[in-house]
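Notes for the one structure printed next.
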Amino acid sequence: MVKYAFYKETYLGSSISEADWPVYCLRAHDQLNRYKQIYRINPKADVLSCYLNGDVSIDAASITAVDDGQGNATIVQPLVVCEAMAVCAMADALAYFTAAQNGMGAVAAASIGSVSVSYGNAANAVDLSPKGQAKELYRCASLYLEFYRGVG
């Protein structure tokens with residue numbers, strides 16, 4: 001399972017609290033496992049050119065040592081990092097769906113004097129149907145992973 005520290009420090013996520021992370025991470029990880037049963041998955045080449053914490057670049061052709069910031073080198077496979085990024089993106093989407101279903105959508109109006117905030121109806125802005133959610137989760141995962149189906 002992806003650690004919360006990875007979500008905060010590498011993915012740079014901020015919408016999920018540490019207390020809520022295990023729930024969303026597990027659901028996102030389960031979804032990724034479903035994709036692995038259906039598709040052949042490879043790391044996305046453009047993601048592999050990014051830097052982890054600004055330290056060591058991940059090379060698509062090799063396994064790379066990554067410094068954890070405390071002088072400890074960790075061996076990382078590119079697919080593992082891309083899968084972790086996909087899990088983080090899907091977890092963010094799942095957290096958003098939960099918030100939207102609970103009526104905490106985008107702010108529709110705000111006032112400074114006497115502090116007033118009103119939330120818009122998120123159900124009208126985003127497709128919260130199971131099909132819409134599945135489509136968004138696939139989109140989030142495909143930001144970091146390439147999916148192949150069939151012979152090849």
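Residue numbers start at 1 in each chain; chains themselves are named A, B, ... in the order of the structure tokens; ligands are numbered from 1 in the order shown.
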
When you look at stretch 126-137 of chain A with a cut-off of 12 Å (counting only C-alpha atoms), what residues show up, excluding the ones that are within fewer than 6 positions of it in the same chain? I need them as a ChimeraX atom specification. /A:27-32,34-35,86-103,105-106,120,143-144

Any idea what's packed within 12 Å of A:Ala5, counting only C-alpha atoms, ignoring anything in its chain fewer than 2 positions away? Could you give it as a short mmCIF file (atom, residue, chain, number, x, y, z; two decimals) with N, CA, C and O atoms, in the first residue's frame?
data_model
loop_
_atom_site.label_atom_id
_atom_site.label_comp_id
_atom_site.auth_asym_id
_atom_site.auth_seq_id
_atom_site.Cartn_x
_atom_site.Cartn_y
_atom_site.Cartn_z
N MET A 1 0.84 -1.17 0.00
CA MET A 1 0.00 0.00 0.00
C MET A 1 0.90 1.25 0.00
O MET A 1 1.95 1.26 0.62
N VAL A 2 0.46 2.28 -0.67
CA VAL A 2 1.20 3.53 -0.76
C VAL A 2 1.14 4.25 0.59
O VAL A 2 0.07 4.37 1.19
N LYS A 3 2.26 4.72 1.05
CA LYS A 3 2.32 5.41 2.34
C LYS A 3 1.85 6.85 2.20
O LYS A 3 2.00 7.47 1.16
N TYR A 7 2.26 10.23 -0.59
CA TYR A 7 1.16 11.08 -1.07
C TYR A 7 1.46 12.55 -0.82
O TYR A 7 1.27 13.39 -1.70
N LYS A 8 1.93 12.89 0.37
CA LYS A 8 2.19 14.29 0.74
C LYS A 8 3.46 14.84 0.11
O LYS A 8 3.48 15.96 -0.38
N GLU A 9 4.54 14.06 0.11
CA GLU A 9 5.85 14.58 -0.26
C GLU A 9 6.23 14.37 -1.72
O GLU A 9 6.96 15.18 -2.28
N THR A 10 5.76 13.31 -2.33
CA THR A 10 6.13 13.04 -3.72
C THR A 10 5.00 13.41 -4.66
O THR A 10 5.20 14.14 -5.63
N TYR A 11 3.80 12.91 -4.38
CA TYR A 11 2.63 13.24 -5.22
C TYR A 11 2.19 14.69 -4.96
O TYR A 11 1.56 15.31 -5.81
N LEU A 12 2.53 15.22 -3.81
CA LEU A 12 2.16 16.57 -3.37
C LEU A 12 0.65 16.73 -3.19
O LEU A 12 0.08 17.77 -3.48
N GLY A 13 0.04 15.69 -2.67
CA GLY A 13 -1.39 15.72 -2.40
C GLY A 13 -1.70 16.48 -1.12
O GLY A 13 -0.88 16.52 -0.21
N SER A 14 -2.89 17.06 -1.10
CA SER A 14 -3.27 17.82 0.09
C SER A 14 -4.75 17.69 0.45
O SER A 14 -5.18 18.22 1.47
N ILE A 16 -6.51 14.89 1.16
CA ILE A 16 -6.87 13.76 2.02
C ILE A 16 -6.07 13.86 3.31
O ILE A 16 -4.85 14.02 3.28
N SER A 17 -6.76 13.73 4.44
CA SER A 17 -6.07 13.76 5.73
C SER A 17 -5.38 12.42 5.98
O SER A 17 -5.73 11.40 5.38
N GLU A 18 -4.42 12.44 6.88
CA GLU A 18 -3.70 11.21 7.21
C GLU A 18 -4.64 10.16 7.79
O GLU A 18 -4.49 8.96 7.55
N TRP A 21 -6.55 8.62 4.82
CA TRP A 21 -5.73 8.04 3.76
C TRP A 21 -5.88 6.52 3.60
O TRP A 21 -6.04 6.04 2.47
N PRO A 22 -5.84 5.72 4.68
CA PRO A 22 -5.92 4.26 4.47
C PRO A 22 -7.18 3.82 3.72
O PRO A 22 -7.11 2.91 2.89
N ASN A 53 10.94 14.20 -5.45
CA ASN A 53 11.42 15.15 -4.44
C ASN A 53 12.57 16.00 -4.94
O ASN A 53 13.40 16.43 -4.16
N ASP A 68 16.08 9.16 -0.07
CA ASP A 68 14.86 9.47 0.67
C ASP A 68 14.97 10.78 1.46
O ASP A 68 14.09 11.13 2.22
N ALA A 84 2.18 3.94 -7.85
CA ALA A 84 1.92 4.70 -6.62
C ALA A 84 1.31 6.06 -6.95
O ALA A 84 0.39 6.51 -6.26
N CYS A 88 -2.44 7.45 -5.88
CA CYS A 88 -2.66 8.75 -5.24
C CYS A 88 -3.71 9.56 -6.01
O CYS A 88 -4.60 10.17 -5.41
#

Kindly indicate which residue among A:Leu145, A:Val23, A:Met85, A:Val80 lies nearest to A:Pro43, using only C-alpha atoms for the distances. A:Leu145

Go through A:Ile38, A:Ala45, A:Ala19, A:Cys82 one by one, measure the shortest atom-to-atom distance of each to A:Arg149 using only C-alpha atoms, and give the residue with the smallest value. A:Ile38
